[in-house]
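K.L.:
Here you go, this is input03.txt (compact mmCIF, C-alpha atoms).
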# COMPACT_ATOMS: atom_id res chain seq x y z
CA MET P 1221 0.00 0.00 0.00
CA SER P 1222 2.78 2.39 -0.90
CA ASP P 1223 0.30 4.83 -2.40
CA ARG P 1224 -1.81 5.03 0.73
CA LYS P 1225 -2.34 8.22 2.67
CA ALA P 1226 -2.54 7.78 6.41
CA VAL P 1227 -3.55 10.26 9.13
CA PHE P 1228 -2.63 9.49 12.73
CA LEU P 1229 -2.38 11.56 15.89
CA PRO P 1230 0.61 13.88 15.35
CA ASP P 1231 2.49 13.09 18.57
CA CYS P 1232 2.05 9.31 18.81
CA GLY P 1233 1.50 8.09 15.26
CA GLU P 1234 0.63 4.46 14.65
CA SER P 1235 1.75 3.41 18.15
CA PHE P 1236 -1.13 5.31 19.84
CA ILE P 1237 -1.09 5.08 23.68
CA SER P 1238 1.27 2.36 24.92
CA LEU P 1239 0.17 0.94 28.27
CA HIS P 1240 2.66 -1.37 29.92
CA THR P 1241 1.54 -4.52 31.75
CA PRO P 1242 3.43 -7.57 33.05
CA ASN P 1243 2.04 -9.48 30.05
CA GLY P 1244 2.92 -6.99 27.34
CA THR P 1245 1.88 -3.61 25.96
CA LEU P 1246 -1.71 -2.57 25.35
CA TYR P 1247 -2.84 -0.38 22.44
CA GLY P 1248 -4.96 2.02 24.49
CA GLY P 1249 -7.10 1.01 27.43
CA ASP P 1250 -8.77 -2.33 28.06
CA GLN P 1251 -12.08 -2.44 29.93
CA SER P 1252 -11.38 -5.99 31.11
CA CYS P 1253 -8.86 -4.43 33.55
CA PHE P 1254 -11.61 -2.91 35.73
CA ASP P 1255 -12.17 -4.52 39.13
CA SER P 1256 -15.92 -3.92 38.81
CA LYS P 1257 -17.79 -6.48 36.70
CA SER P 1258 -20.30 -3.86 35.56
CA TYR P 1259 -17.46 -1.76 34.12
CA ARG P 1260 -15.70 -4.82 32.68
CA ASP P 1261 -18.94 -5.60 30.84
CA TYR P 1262 -20.12 -2.05 30.04
CA GLY P 1263 -17.19 0.31 30.65
CA CYS P 1264 -16.21 0.93 27.03
CA GLY P 1265 -17.32 4.57 27.26
CA VAL P 1266 -15.06 5.17 30.25
CA ILE P 1267 -12.08 3.63 28.45
CA ALA P 1268 -12.71 5.72 25.33
CA ALA P 1269 -12.89 8.83 27.53
CA ALA P 1270 -9.64 7.89 29.30
CA ASN P 1271 -7.91 7.39 25.94
CA MET P 1272 -9.06 10.80 24.79
CA ILE P 1273 -7.96 12.46 28.03
CA MET P 1274 -4.51 10.84 27.87
CA CYS P 1275 -4.04 12.33 24.40
CA MET P 1276 -5.30 15.72 25.56
CA ARG P 1277 -2.59 15.56 28.25
CA SER P 1278 0.04 14.39 25.72
CA GLN P 1279 0.56 11.21 27.73
CA TYR P 1280 1.23 8.49 25.17
CA SER P 1281 3.07 5.99 27.36
CA ALA P 1282 2.22 4.88 30.88
CA GLU P 1283 1.98 1.96 33.26
CA ASN P 1284 -1.44 0.39 32.88
CA SER P 1285 -1.93 0.62 36.65
CA ASP P 1286 -1.61 4.41 36.44
CA TYR P 1287 -3.95 4.54 33.44
CA MET P 1288 -6.56 2.54 35.35
CA LYS P 1289 -6.40 5.06 38.20
CA LEU P 1290 -7.51 7.67 35.66
CA ALA P 1291 -10.22 5.35 34.35
CA ASP P 1292 -11.48 4.63 37.89
CA SER P 1293 -11.69 8.36 38.60
CA ILE P 1294 -13.81 8.83 35.46
CA CYS P 1295 -16.14 6.10 36.76
CA ARG P 1296 -17.14 8.45 39.57
CA VAL P 1297 -18.99 10.64 37.06
CA MET P 1298 -19.68 8.20 34.20
CA PRO P 1299 -21.94 5.20 34.83
CA PRO P 1300 -21.42 1.89 33.04
CA ASP P 1301 -23.34 1.55 29.78
CA ALA P 1302 -23.76 5.34 29.52
CA ASP P 1303 -25.79 6.48 26.55
CA GLY P 1304 -24.50 9.29 24.35
CA LEU P 1305 -26.09 12.13 26.31
CA ARG P 1306 -24.82 10.86 29.66
CA TRP P 1307 -21.38 10.27 28.16
CA ILE P 1308 -21.19 13.86 26.86
CA SER P 1309 -22.36 15.22 30.22
CA ALA P 1310 -19.87 13.12 32.21
CA PHE P 1311 -16.98 13.98 29.90
CA ARG P 1312 -17.74 17.69 30.25
CA LYS P 1313 -17.99 17.37 34.04
CA PHE P 1314 -14.64 15.58 34.26
CA THR P 1315 -12.64 17.62 31.73
CA GLY P 1316 -14.49 20.91 31.29
CA ARG P 1317 -14.46 20.24 27.54
CA HIS P 1318 -17.45 20.01 25.21
CA THR P 1319 -17.98 17.34 22.59
CA ALA P 1320 -20.00 17.28 19.39
CA TYR P 1321 -21.86 14.16 18.28
CA TYR P 1322 -22.39 13.32 14.59
CA PRO P 1323 -24.91 10.49 14.11
CA LEU P 1324 -24.63 8.67 10.79
CA ARG P 1325 -28.27 9.32 9.98
CA PHE P 1326 -27.82 13.10 9.73
CA ILE P 1327 -24.43 13.66 8.08
CA SER P 1328 -22.91 12.72 4.74
CA ARG P 1329 -20.14 10.12 4.65
CA ASN P 1330 -17.52 12.50 3.21
CA ALA P 1331 -18.32 15.29 5.66
CA LEU P 1332 -18.03 12.87 8.58
CA LEU P 1333 -14.70 11.50 7.36
CA ASP P 1334 -13.39 15.06 7.04
CA ILE P 1335 -14.38 15.70 10.66
CA ILE P 1336 -12.54 12.55 11.80
CA VAL P 1337 -9.39 13.47 9.88
CA ARG P 1338 -9.45 17.06 11.17
CA SER P 1339 -9.85 15.91 14.77
CA LEU P 1340 -6.95 13.47 14.47
CA SER P 1341 -4.81 16.19 12.90
CA ASP P 1342 -5.60 18.41 15.92
CA GLY P 1343 -4.37 15.66 18.25
CA LEU P 1344 -7.88 14.81 19.52
CA PRO P 1345 -8.87 11.18 18.84
CA PRO P 1346 -12.61 10.84 18.15
CA MET P 1347 -14.80 8.25 19.81
CA ILE P 1348 -16.78 5.99 17.49
CA SER P 1349 -20.06 4.43 18.58
CA VAL P 1350 -21.71 1.42 17.00
CA TYR P 1351 -25.27 0.50 17.83
CA ASN P 1352 -26.42 -2.37 15.64
CA PRO P 1353 -28.64 -5.13 17.07
CA HIS P 1354 -27.62 -7.38 14.16
CA GLY P 1355 -23.92 -7.06 15.00
CA PHE P 1356 -21.14 -5.35 13.09
CA PRO P 1357 -17.66 -6.82 12.40
CA ILE P 1358 -14.36 -5.18 13.30
CA GLU P 1359 -11.15 -6.73 11.97
CA HIS P 1360 -8.21 -7.51 14.27
CA GLU P 1361 -4.78 -6.47 13.05
CA CYS P 1362 -3.51 -10.06 13.45
CA GLY P 1363 -6.44 -11.56 11.56
CA GLY P 1364 -9.91 -12.63 12.54
CA SER P 1365 -12.73 -10.38 13.64
CA GLU P 1366 -15.11 -9.54 16.47
CA ARG P 1367 -18.78 -8.72 16.15
CA ILE P 1368 -20.07 -5.84 18.21
CA LYS P 1369 -23.62 -4.66 18.81
CA ALA P 1370 -23.37 -1.67 21.16
CA HIS P 1371 -19.86 -0.42 21.77
CA TYR P 1372 -17.70 2.70 22.10
CA MET P 1373 -14.15 2.67 20.68
CA THR P 1374 -11.38 5.19 19.99
CA VAL P 1375 -10.42 6.20 16.45
CA THR P 1376 -6.62 6.37 16.32
CA GLY P 1377 -6.05 6.81 12.60
CA VAL P 1378 -7.45 6.83 9.07
CA ILE P 1379 -5.92 5.05 6.08
CA LEU P 1380 -7.00 6.40 2.70
CA GLY P 1381 -6.37 4.09 -0.25
CA GLU P 1382 -8.54 1.80 -2.35
CA LYS P 1383 -10.50 1.34 0.85
CA ARG P 1384 -11.06 4.01 3.48
CA THR P 1385 -10.13 2.39 6.76
CA LEU P 1386 -10.51 3.54 10.34
CA VAL P 1387 -7.85 2.36 12.80
CA ILE P 1388 -9.45 1.61 16.17
CA SER P 1389 -8.45 0.99 19.77
CA SER P 1390 -10.72 -1.44 21.61
CA TRP P 1391 -10.03 -3.89 24.47
CA GLY P 1392 -6.40 -2.72 24.42
CA LYS P 1393 -5.89 -3.95 20.86
CA LYS P 1394 -5.73 -2.50 17.36
CA TYR P 1395 -8.66 -3.15 15.01
CA TYR P 1396 -9.67 -1.94 11.57
CA ILE P 1397 -13.07 -0.87 10.25
CA ASP P 1398 -13.92 -0.36 6.60
CA TYR P 1399 -15.31 3.17 6.83
CA ASP P 1400 -17.81 2.86 3.99
CA VAL P 1401 -19.11 -0.48 5.30
CA PHE P 1402 -19.52 1.13 8.73
CA TYR P 1403 -21.42 4.04 7.22
CA ASN P 1404 -23.64 1.93 4.94
CA ASN P 1405 -24.51 -0.76 7.48
CA ASN P 1406 -25.30 1.45 10.44
CA ARG P 1407 -26.98 4.49 8.93
CA PHE P 1408 -30.58 3.46 8.36
CA LEU P 1409 -33.12 3.48 11.15
CA LEU P 1410 -35.57 0.81 10.01
CA ARG P 1411 -33.59 -1.37 7.64
CA ARG P 1412 -30.93 -2.22 10.24
CA GLY P 1413 -32.86 -1.93 13.49
CA ILE P 1414 -34.48 0.93 15.36
CA GLY P 1415 -31.94 3.52 16.40
CA CYS P 1416 -28.93 2.37 14.36
CA GLY P 1417 -28.59 5.60 12.42
CA ILE P 1418 -28.80 7.71 15.58
CA GLY P 1419 -26.83 5.47 17.97
CA SER P 1420 -23.98 4.94 15.52
CA GLY P 1421 -21.71 7.91 14.90
CA ILE P 1422 -18.69 9.93 15.95
CA PHE P 1423 -18.00 11.98 19.09
CA VAL P 1424 -15.41 14.75 18.69
CA VAL P 1425 -13.88 16.92 21.42
CA LYS P 1426 -14.35 20.56 20.50
CA ARG P 1427 -11.26 22.70 20.30
CA LYS P 1428 -10.85 25.24 23.07
CA ASP P 1429 -11.91 28.01 20.68
CA ASN P 1430 -15.15 25.96 20.28
CA LYS P 1431 -14.46 25.35 16.60
CA LYS P 1432 -15.35 21.80 15.53
Would you mind writing the file out in structure tokens?

P.N.:
Amino acid sequence: MSDRKAVFLPDCGESFISLHTPNGTLYGGDQSCFDSKSYRDYGCGVIAAANMIMCMRSQYSAENSDYMKLADSICRVMPPDADGLRWISAFRKFTGRHTAYYPLRFISRNALLDIIVRSLSDGLPPMISVYNPHGFPIEHECGGSERIKAHYMTVTGVILGEKRTLVISSWGKKYYIDYDVFYNNNRFLLRRGIGCGIGSGIFVVKRKDNKK
């Protein structure tokens, strides 16, 4: 893919946030590291928020134990399985920063991709949400895939080539999502399940000058 164009966070590139554990290095946070079962099962929003905050602080390498202290502190204001509105409210309460949400149903695919690329270029990784009762596949970097139904993840990069690919951090690992498949399969309210086109989208931290 020598002709590809890739956009990653300026200060950490393809490595993203490296979290060091006795068993190896994680690619961003892993919700399975929570002590609480409710957050292990439904704490993806907290982990995405912690990833975003680490980047806002320019902290791209840390011990996972220190990262989880940050994640646990976010849990005090963000409940497990938080919906989009509660996530935005909790993130603002914890950081003082506002976020904008772009549901697939109400934005064009090219405009949304431009927003993702611009946010990454500003050093602010977006959060991607998938809500699809039928399940949606994400591809692991080492092969194989996972199917997700309701999940928050962190966008760490975009690869522009024959396919437009989002690079994702989830469960402390790197995954890939075909951007156009994501857009096409999760946009429509009735064809793919009630709420898919509203529950699936992109959350972007607003710049301090409030420009998106």

K.L.:
Which neighbours of His1240 of chain P fall inside 6 Å, counting all atoms listed in the file, when residues of the same chain fewer than 5 positions from it are skipped, and could you give them as a PyMOL selection string?

P.N.:
chain P and resi 1245+1283-1284

K.L.:
Here is a test: counting all atoms listed in the file, which residue of P:Phe1314, P:Phe1254, P:Tyr1372, P:Tyr1287 is nearest to Ser1238 of chain P?

P.N.:
P:Tyr1287

K.L.:
Tell me which of P:Gly1233, P:Gly1419, P:Gly1248, P:Gly1263 sits closest to Pro1353 of chain P, counting all atoms listed in the file.

P.N.:
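Result for the nearest residue to Pro1353 of chain P: P:Gly1419.
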
K.L.:
Could you work out how far atom CA of Tyr1395 of chain P lies from atom CA of Val1375 of chain P, giving the answer in Å with one decimal?

P.N.:
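Atom CA of Tyr1395 of chain P lies at a distance of 9.6 Å from atom CA of Val1375 of chain P.
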
K.L.:
My list of candidates is P:Pro1345, P:Pro1323, P:Gly1377, P:Pro1300. Which is closest to Gln1251 of chain P when distances are computed with all atoms listed in the file?

P.N.:
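Residue with the minimum atom-to-atom distance to Gln1251 of chain P: P:Pro1300.
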
K.L.:
In Å, with one decimal, what is the gap from atom CA of Thr1319 of chain P to atom CA of Lys1426 of chain P?

P.N.:
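Computing the Euclidean distance for atom CA of Thr1319 of chain P and atom CA of Lys1426 of chain P yields 5.3 Å.
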
K.L.:
Could you tell me how far atom CA of Tyr1247 of chain P sits from atom CA of Ser1389 of chain P, in Å to one decimal place?

P.N.:
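Between these atoms lies a distance of 6.4 Å.
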
K.L.:
Using all atoms listed in the file, find the one residue out of P:Ser1339, P:Asn1406, P:Ser1390, P:Ser1349 that sits nearest to Val1378 of chain P.

P.N.:
P:Ser1339

K.L.:
Could you check the closest approach to Gly1417 of chain P for each of P:Ala1331, P:Pro1346, P:Arg1325, P:His1360 and tell me which residue wins, using all atoms listed in the file?

P.N.:
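Distance minimum relative to Gly1417 of chain P lands on P:Arg1325.
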
K.L.:
Can you work out which one of P:Ser1285, P:Asp1334, P:His1354, P:Glu1366 has the shortest atom-to-atom distance to Pro1242 of chain P, counting all atoms listed in the file?

P.N.:
P:Ser1285

K.L.:
As a PyMOL selection string, please: the residues near Val1297 of chain P (cut-off 12 Å, all atoms listed in the file, same-chain neighbours under 5 positions excluded).

P.N.:
chain P and resi 1265-1266+1269+1290-1292+1302+1306-1315

K.L.:
Give me a file of those residues, with C-alpha atoms, as a PDB file, in the coordinates of the input.

P.N.:
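result.pdb was written with the following content:
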ATOM      1  CA  GLY P1265     -17.320   4.570  27.260  1.00  0.00           C
ATOM      2  CA  VAL P1266     -15.060   5.170  30.250  1.00  0.00           C
ATOM      3  CA  ALA P1269     -12.890   8.830  27.530  1.00  0.00           C
ATOM      4  CA  LEU P1290      -7.510   7.670  35.660  1.00  0.00           C
ATOM      5  CA  ALA P1291     -10.220   5.350  34.350  1.00  0.00           C
ATOM      6  CA  ASP P1292     -11.480   4.630  37.890  1.00  0.00           C
ATOM      7  CA  ALA P1302     -23.760   5.340  29.520  1.00  0.00           C
ATOM      8  CA  ARG P1306     -24.820  10.860  29.660  1.00  0.00           C
ATOM      9  CA  TRP P1307     -21.380  10.270  28.160  1.00  0.00           C
ATOM     10  CA  ILE P1308     -21.190  13.860  26.860  1.00  0.00           C
ATOM     11  CA  SER P1309     -22.360  15.220  30.220  1.00  0.00           C
ATOM     12  CA  ALA P1310     -19.870  13.120  32.210  1.00  0.00           C
ATOM     13  CA  PHE P1311     -16.980  13.980  29.900  1.00  0.00           C
ATOM     14  CA  ARG P1312     -17.740  17.690  30.250  1.00  0.00           C
ATOM     15  CA  LYS P1313     -17.990  17.370  34.040  1.00  0.00           C
ATOM     16  CA  PHE P1314     -14.640  15.580  34.260  1.00  0.00           C
ATOM     17  CA  THR P1315     -12.640  17.620  31.730  1.00  0.00           C
TER      18      THR P1315
END
